[in-house]
file start21.cif (mmCIF, C-alpha atoms and all ligand atoms)
data_upload
loop_
_atom_site.group_PDB
_atom_site.id
_atom_site.type_symbol
_atom_site.label_atom_id
_atom_site.label_comp_id
_atom_site.auth_asym_id
_atom_site.auth_seq_id
_atom_site.Cartn_x
_atom_site.Cartn_y
_atom_site.Cartn_z
ATOM 1 C CA MET A 174 -69.734 63.788 -54.154
ATOM 2 C CA LYS A 175 -66.421 63.415 -52.338
ATOM 3 C CA ASN A 176 -64.434 60.221 -52.437
ATOM 4 C CA ILE A 177 -64.121 59.353 -48.745
ATOM 5 C CA VAL A 178 -61.357 56.944 -47.799
ATOM 6 C CA ALA A 179 -61.409 55.935 -44.137
ATOM 7 C CA ILE A 180 -58.870 54.079 -42.040
ATOM 8 C CA TYR A 181 -60.162 51.768 -39.324
ATOM 9 C CA PRO A 182 -57.088 51.255 -37.103
ATOM 10 C CA GLY A 183 -56.649 48.834 -34.241
ATOM 11 C CA SER A 184 -54.744 45.908 -32.814
ATOM 12 C CA PHE A 185 -57.278 43.247 -33.902
ATOM 13 C CA ASP A 186 -55.652 40.592 -31.700
ATOM 14 C CA PRO A 187 -57.914 38.847 -32.597
ATOM 15 C CA VAL A 188 -60.691 40.338 -34.756
ATOM 16 C CA THR A 189 -64.026 40.147 -32.887
ATOM 17 C CA ASN A 190 -67.658 40.221 -34.015
ATOM 18 C CA GLY A 191 -67.734 43.812 -32.746
ATOM 19 C CA HIS A 192 -64.923 44.792 -35.150
ATOM 20 C CA LEU A 193 -66.705 43.009 -38.005
ATOM 21 C CA ASP A 194 -69.965 44.779 -37.186
ATOM 22 C CA LEU A 195 -68.157 48.126 -37.437
ATOM 23 C CA ILE A 196 -66.373 47.129 -40.675
ATOM 24 C CA HIS A 197 -69.753 46.305 -42.267
ATOM 25 C CA ARG A 198 -71.232 49.620 -41.124
ATOM 26 C CA GLY A 199 -68.140 51.540 -42.288
ATOM 27 C CA SER A 200 -68.091 49.848 -45.682
ATOM 28 C CA LYS A 201 -71.619 51.170 -46.318
ATOM 29 C CA LEU A 202 -70.696 54.723 -45.322
ATOM 30 C CA PHE A 203 -67.280 55.197 -46.954
ATOM 31 C CA ASP A 204 -66.142 54.744 -50.545
ATOM 32 C CA LYS A 205 -63.136 52.776 -49.339
ATOM 33 C CA LEU A 206 -62.334 51.413 -45.885
ATOM 34 C CA VAL A 207 -58.794 50.378 -44.994
ATOM 35 C CA VAL A 208 -58.664 48.173 -41.900
ATOM 36 C CA ALA A 209 -55.178 48.927 -40.597
ATOM 37 C CA ILE A 210 -53.481 46.683 -38.052
ATOM 38 C CA ALA A 211 -51.135 48.721 -35.848
ATOM 39 C CA ARG A 212 -47.679 47.338 -35.182
ATOM 40 C CA ASN A 213 -47.468 48.864 -31.734
ATOM 41 C CA MET A 214 -48.664 46.209 -29.347
ATOM 42 C CA ASP A 215 -46.616 44.827 -26.513
ATOM 43 C CA LYS A 216 -45.217 41.637 -28.068
ATOM 44 C CA ALA A 217 -45.302 39.638 -24.839
ATOM 45 C CA GLU A 218 -49.065 40.104 -24.575
ATOM 46 C CA ALA A 219 -49.904 39.488 -28.237
ATOM 47 C CA LEU A 220 -51.709 36.284 -29.143
ATOM 48 C CA PHE A 221 -51.265 36.498 -32.928
ATOM 49 C CA SER A 222 -48.547 37.829 -35.220
ATOM 50 C CA MET A 223 -49.339 40.639 -37.655
ATOM 51 C CA PRO A 224 -49.584 38.259 -40.688
ATOM 52 C CA GLU A 225 -51.917 35.974 -38.712
ATOM 53 C CA ARG A 226 -54.204 38.873 -37.755
ATOM 54 C CA LYS A 227 -54.170 40.100 -41.357
ATOM 55 C CA GLU A 228 -55.027 36.632 -42.674
ATOM 56 C CA MET A 229 -58.014 36.301 -40.306
ATOM 57 C CA LEU A 230 -59.306 39.780 -41.172
ATOM 58 C CA MET A 231 -58.967 39.071 -44.889
ATOM 59 C CA ALA A 232 -60.879 35.806 -44.567
ATOM 60 C CA MET A 233 -63.682 37.562 -42.674
ATOM 61 C CA THR A 234 -64.051 40.553 -45.035
ATOM 62 C CA GLY A 235 -63.474 38.919 -48.440
ATOM 63 C CA ASP A 236 -67.093 39.603 -49.436
ATOM 64 C CA LEU A 237 -66.734 43.386 -49.005
ATOM 65 C CA ASP A 238 -65.422 44.915 -52.260
ATOM 66 C CA ASN A 239 -64.444 48.297 -50.835
ATOM 67 C CA VAL A 240 -62.601 46.940 -47.757
ATOM 68 C CA VAL A 241 -58.814 46.479 -47.773
ATOM 69 C CA ILE A 242 -56.696 44.992 -44.973
ATOM 70 C CA ASP A 243 -53.256 46.480 -44.295
ATOM 71 C CA THR A 244 -50.693 46.924 -41.527
ATOM 72 C CA PHE A 245 -48.930 50.098 -40.442
ATOM 73 C CA GLU A 246 -46.166 51.297 -38.163
ATOM 74 C CA GLY A 247 -45.679 54.703 -36.578
ATOM 75 C CA LEU A 248 -48.159 57.545 -36.405
ATOM 76 C CA LEU A 249 -51.691 56.840 -37.563
ATOM 77 C CA VAL A 250 -52.061 60.312 -39.105
ATOM 78 C CA SER A 251 -48.910 59.837 -41.221
ATOM 79 C CA TYR A 252 -50.317 56.554 -42.470
ATOM 80 C CA CYS A 253 -53.641 58.282 -43.288
ATOM 81 C CA ILE A 254 -51.885 60.893 -45.450
ATOM 82 C CA GLN A 255 -49.782 58.216 -47.122
ATOM 83 C CA GLN A 256 -52.995 56.324 -47.986
ATOM 84 C CA GLY A 257 -54.837 59.446 -49.168
ATOM 85 C CA ALA A 258 -57.395 58.926 -46.406
ATOM 86 C CA ASN A 259 -59.573 61.767 -45.100
ATOM 87 C CA ALA A 260 -61.169 59.946 -42.165
ATOM 88 C CA VAL A 261 -60.391 57.641 -39.253
ATOM 89 C CA LEU A 262 -63.137 55.298 -38.118
ATOM 90 C CA ARG A 263 -63.301 54.298 -34.449
ATOM 91 C CA GLY A 264 -65.939 52.390 -32.541
ATOM 92 C CA ILE A 265 -67.396 53.680 -29.282
ATOM 93 C CA ARG A 266 -68.999 50.943 -27.218
ATOM 94 C CA ALA A 267 -69.733 52.636 -23.914
ATOM 95 C CA ILE A 268 -69.125 55.954 -22.192
ATOM 96 C CA SER A 269 -65.919 54.443 -20.727
ATOM 97 C CA ASP A 270 -64.383 54.433 -24.242
ATOM 98 C CA TYR A 271 -65.117 58.103 -24.743
ATOM 99 C CA GLU A 272 -62.316 59.709 -22.739
ATOM 100 C CA PHE A 273 -59.502 57.799 -24.436
ATOM 101 C CA GLU A 274 -61.104 58.110 -27.869
ATOM 102 C CA LEU A 275 -61.648 61.850 -27.459
ATOM 103 C CA GLN A 276 -58.012 62.331 -26.440
ATOM 104 C CA MET A 277 -56.795 60.332 -29.420
ATOM 105 C CA ALA A 278 -59.135 62.038 -31.893
ATOM 106 C CA LEU A 279 -58.207 65.536 -30.724
ATOM 107 C CA MET A 280 -54.489 64.763 -30.680
ATOM 108 C CA ASN A 281 -54.704 63.286 -34.169
ATOM 109 C CA ARG A 282 -56.605 66.368 -35.350
ATOM 110 C CA LYS A 283 -53.973 68.661 -33.813
ATOM 111 C CA MET A 284 -51.226 66.774 -35.644
ATOM 112 C CA GLU A 285 -53.161 66.481 -38.907
ATOM 113 C CA PRO A 286 -56.234 68.739 -39.356
ATOM 114 C CA ARG A 287 -56.962 67.217 -42.784
ATOM 115 C CA VAL A 288 -58.067 63.941 -41.156
ATOM 116 C CA GLU A 289 -61.420 63.753 -39.333
ATOM 117 C CA THR A 290 -62.287 61.029 -36.807
ATOM 118 C CA VAL A 291 -65.714 59.447 -37.236
ATOM 119 C CA PHE A 292 -67.197 57.453 -34.349
ATOM 120 C CA MET A 293 -69.698 54.687 -34.922
ATOM 121 C CA MET A 294 -71.521 52.479 -32.418
ATOM 122 C CA PRO A 295 -71.434 48.720 -32.888
ATOM 123 C CA ALA A 296 -74.637 46.699 -32.342
ATOM 124 C CA GLU A 297 -75.618 46.700 -28.637
ATOM 125 C CA GLN A 298 -74.817 43.006 -28.193
ATOM 126 C CA TYR A 299 -71.148 43.845 -28.789
ATOM 127 C CA SER A 300 -70.971 46.781 -26.387
ATOM 128 C CA TYR A 301 -69.094 44.725 -23.769
ATOM 129 C CA LEU A 302 -66.823 42.958 -26.253
ATOM 130 C CA SER A 303 -63.095 43.548 -26.759
ATOM 131 C CA SER A 304 -60.100 41.550 -28.035
ATOM 132 C CA ARG A 305 -58.568 41.751 -24.560
ATOM 133 C CA ILE A 306 -61.615 40.149 -22.956
ATOM 134 C CA VAL A 307 -61.704 37.462 -25.681
ATOM 135 C CA ARG A 308 -58.041 36.584 -24.951
ATOM 136 C CA GLU A 309 -58.734 36.444 -21.217
ATOM 137 C CA ILE A 310 -61.861 34.256 -21.527
ATOM 138 C CA ALA A 311 -60.016 31.923 -23.917
ATOM 139 C CA LYS A 312 -57.020 31.587 -21.566
ATOM 140 C CA LEU A 313 -59.381 30.664 -18.739
ATOM 141 C CA GLY A 314 -61.279 28.116 -20.872
ATOM 142 C CA GLY A 315 -64.530 30.099 -21.156
ATOM 143 C CA PRO A 316 -66.967 30.122 -24.109
ATOM 144 C CA LEU A 317 -66.231 32.333 -27.131
ATOM 145 C CA GLN A 318 -69.364 31.563 -29.097
ATOM 146 C CA GLY A 319 -70.973 34.731 -30.461
ATOM 147 C CA LEU A 320 -67.917 36.832 -29.580
ATOM 148 C CA VAL A 321 -65.681 35.924 -32.519
ATOM 149 C CA PRO A 322 -66.322 34.054 -35.816
ATOM 150 C CA ALA A 323 -66.020 30.252 -35.602
ATOM 151 C CA MET A 324 -62.766 30.247 -37.604
ATOM 152 C CA VAL A 325 -61.211 32.783 -35.238
ATOM 153 C CA GLU A 326 -62.403 30.811 -32.197
ATOM 154 C CA GLU A 327 -60.659 27.732 -33.569
ATOM 155 C CA ARG A 328 -57.414 29.660 -34.120
ATOM 156 C CA VAL A 329 -57.579 31.182 -30.622
ATOM 157 C CA ARG A 330 -58.135 27.775 -29.004
ATOM 158 C CA GLU A 331 -55.226 26.265 -30.973
ATOM 159 C CA ARG A 332 -52.918 29.104 -29.958
ATOM 160 C CA ILE A 333 -53.856 28.924 -26.273
ATOM 161 C CA ALA A 334 -53.376 25.129 -26.314
ATOM 162 C CA GLN A 335 -49.886 25.553 -27.880
ATOM 163 C CA ARG A 336 -48.957 28.113 -25.223
ATOM 164 C CA HIS A 337 -50.146 25.834 -22.410
ATOM 165 C CA ILE A 338 -48.004 23.011 -23.744
ATOM 166 C CA SER A 339 -44.894 25.123 -24.260
ATOM 167 C CA ALA A 340 -45.073 27.192 -21.045
ATOM 168 C CA PRO A 341 -44.236 24.441 -18.477
ATOM 169 C CA ARG A 342 -41.334 23.229 -20.647
ATOM 170 C CA LYS A 343 -39.843 26.717 -20.726
ATOM 171 C CA HIS A 344 -40.223 26.895 -16.965
ATOM 172 C CA LEU A 345 -38.268 23.672 -16.483
ATOM 173 C CA LEU A 346 -35.319 24.783 -18.628
HETATM 174 O O1 LIG B 401 -57.339 48.462 -30.934
HETATM 175 P P1 LIG B 401 -56.707 49.574 -30.159
HETATM 176 O O2 LIG B 401 -55.616 49.034 -29.280
HETATM 177 O O3 LIG B 401 -57.715 50.390 -29.420
HETATM 178 O O4 LIG B 401 -55.998 50.557 -31.220
HETATM 179 C C1 LIG B 401 -55.274 51.691 -30.795
HETATM 180 C C2 LIG B 401 -54.575 52.323 -32.013
HETATM 181 C C3 LIG B 401 -53.742 51.304 -32.752
HETATM 182 C C4 LIG B 401 -55.626 52.868 -32.957
HETATM 183 C C5 LIG B 401 -53.713 53.501 -31.510
HETATM 184 O O5 LIG B 401 -52.835 53.046 -30.537
HETATM 185 C C6 LIG B 401 -52.904 54.160 -32.629
HETATM 186 O O6 LIG B 401 -53.430 54.931 -33.393
HETATM 187 N N1 LIG B 401 -51.595 53.823 -32.724
HETATM 188 C C7 LIG B 401 -50.713 54.353 -33.740
HETATM 189 C C8 LIG B 401 -49.690 55.296 -33.119
HETATM 190 C C9 LIG B 401 -50.243 56.705 -32.995
HETATM 191 O O7 LIG B 401 -50.584 57.357 -33.965
HETATM 192 N N2 LIG B 401 -50.332 57.195 -31.739
HETATM 193 C C10 LIG B 401 -50.832 58.518 -31.413
HETATM 194 C C11 LIG B 401 -52.327 58.481 -31.140
HETATM 195 S S1 LIG B 401 -52.931 60.055 -30.624
#

call {"tool": "encode", "arguments": {"input": "start21.cif", "output": "structure tokens"}}
result
Amino acid sequence: MKNIVAIYPGSFDPVTNGHLDLIHRGSKLFDKLVVAIARNMDKAEALFSMPERKEMLMAMTGDLDNVVIDTFEGLLVSYCIQQGANAVLRGIRAISDYEFELQMALMNRKMEPRVETVFMMPAEQYSYLSSRIVREIAKLGGPLQGLVPAMVEERVRERIAQRHISAPRKHLL
């Protein structure tokens, strides 16, 4: 049997129940799963810093022995080789994800044929869920129950509240 190490890359800003569903599925399929937070997000739009995202992911996956949380910068395929990984795990929620995911998977394969992309579907109840939509609902005061773990919901609410307090002050300066 081969020793399959997979990288599950993403922004995870913040981690959602959909991500966690995929991490659980991936941990059953692969010998080792590295959840890798990409340092390539537009800073102005980010809700959490890289260490904060890492801390939340670690708290939520502590019970999974073969799951490791890490961060990376630069090309995903270079990081895969550096980690000795032979697979990239990505979630496909709906057909709308397919075009972008196909482009990324084929481009990654062109750059690094030793790394295969594996797509998995999260549970249907998460098929409409994304970190972007969680951030938007939270900013507009909507409910996050069932979308993210309770601890993450608390952190999101705190962060949004801090931003609301600091934003008008900045505007007045
Ligand atoms: O959670 P996201 O935003 O869908 O994750 C996208 C991510 C981080 C997986 C993607 O942007 C990525 O792989 N970035 C690393 C840079 C890279 O390798 N780009 C070329 C992709 S073909």

call {"tool": "atom_distance", "arguments": {"input": "start21.cif", "atom1": "atom P1 of ligand LIG 401 (chain B)", "atom2": "CA of Glu289 (chain A)"}}
result
17.5 Å

call {"tool": "residues_near_ligand", "arguments": {"input": "start21.cif", "ligand": "ligand LIG 401 (chain B)", "cutoff": "9 Å", "atoms": "all atoms listed in the file", "output": "ChimeraX atom specification"}}
result
/A:181-186,209-214,245-252,263,274,276-282,284,303-304

call {"tool": "closest_atom_pairs", "arguments": {"input": "start21.cif", "of": "region 236-312 of chain A", "to": "region 327-341 of chain A", "cutoff": "12 Å", "atoms": "all atoms listed in the file", "output": "tab-separated table"}}
result
residue	atom	partner	partner_atom	distance
A:Ser304	CA	A:Val329	CA	11.0
A:Val307	CA	A:Val329	CA	9.0
A:Arg308	CA	A:Val329	CA	7.8
A:Glu309	CA	A:Ile333	CA	10.3
A:Ile310	CA	A:Val329	CA	10.5
A:Ala311	CA	A:Arg330	CA	6.8
A:Lys312	CA	A:Ile333	CA	6.3

call {"tool": "residues_around", "arguments": {"input": "start21.cif", "residues": "region 191-206 of chain A", "least_positions_apart": "5", "cutoff": "6 Å", "atoms": "all atoms listed in the file", "output": "number ranges by chain"}}
result
A: 177-180, 239-240, 295, 299

call {"tool": "resolve_selection", "arguments": {"input": "start21.cif", "expression": "the PyMOL selection byres (((chain A and resi 242) around 6) and not hetatm)", "output": "list in words"}}
result
Val207, Val208, Val241 and Asp243 of chain A

call {"tool": "atom_distance", "arguments": {"input": "start21.cif", "atom1": "CA of Tyr271 (chain A)", "atom2": "CA of Val288 (chain A)"}}
result
18.8 Å

call {"tool": "atom_distance", "arguments": {"input": "start21.cif", "atom1": "CA of Gln255 (chain A)", "atom2": "CA of Lys175 (chain A)"}}
result
18.2 Å

call {"tool": "resolve_selection", "arguments": {"input": "start21.cif", "expression": "the PyMOL selection byres (((chain A and resi 233) around 9) and not hetatm)", "output": "VMD selection string"}}
result
chain A and resid 188 193 228 to 232 234 to 236 322 324

call {"tool": "write_last_selection", "arguments": {"input": "start21.cif", "atoms": "C-alpha atoms", "output": "short mmCIF file (atom, residue, chain, number, x, y, z; two decimals), in the coordinates of the input"}}
result
data_model
loop_
_atom_site.label_atom_id
_atom_site.label_comp_id
_atom_site.auth_asym_id
_atom_site.auth_seq_id
_atom_site.Cartn_x
_atom_site.Cartn_y
_atom_site.Cartn_z
CA VAL A 188 -60.69 40.34 -34.76
CA LEU A 193 -66.70 43.01 -38.01
CA GLU A 228 -55.03 36.63 -42.67
CA MET A 229 -58.01 36.30 -40.31
CA LEU A 230 -59.31 39.78 -41.17
CA MET A 231 -58.97 39.07 -44.89
CA ALA A 232 -60.88 35.81 -44.57
CA THR A 234 -64.05 40.55 -45.04
CA GLY A 235 -63.47 38.92 -48.44
CA ASP A 236 -67.09 39.60 -49.44
CA PRO A 322 -66.32 34.05 -35.82
CA MET A 324 -62.77 30.25 -37.60
#

call {"tool": "closest_residue", "arguments": {"input": "start21.cif", "among": "A:Leu317, A:Leu302, A:Val325, A:Pro187", "to": "Phe221 (chain A)", "atoms": "all atoms listed in the file"}}
result
A:Pro187

call {"tool": "closest_residue", "arguments": {"input": "start21.cif", "among": "A:Leu313, A:Ala296, A:Val291, A:Met223", "to": "Val261 (chain A)", "atoms": "only C-alpha atoms"}}
result
A:Val291

call {"tool": "closest_residue", "arguments": {"input": "start21.cif", "among": "A:Ala219, A:Leu237, A:Cys253, A:Met294", "to": "Arg266 (chain A)", "atoms": "only C-alpha atoms"}}
result
A:Met294

call {"tool": "axis_aligned_box", "arguments": {"input": "start21.cif", "around": "region 231-250 of chain A", "padding_each_side": "3 Å", "output": "AutoDock Vina command-line options"}}
result
--center_x -56.4 --center_y 48.1 --center_z -44.3 --size_x 27.4 --size_y 30.5 --size_z 21.9

call {"tool": "closest_residue", "arguments": {"input": "start21.cif", "among": "A:Phe273, A:Thr189, A:Ile254, A:Gly264", "to": "Ile306 (chain A)", "atoms": "only C-alpha atoms"}}
result
A:Thr189

call {"tool": "closest_residue", "arguments": {"input": "start21.cif", "among": "A:Phe292, A:Arg305, A:Gly314, A:Glu285", "to": "Leu220 (chain A)", "atoms": "only C-alpha atoms"}}
result
A:Arg305
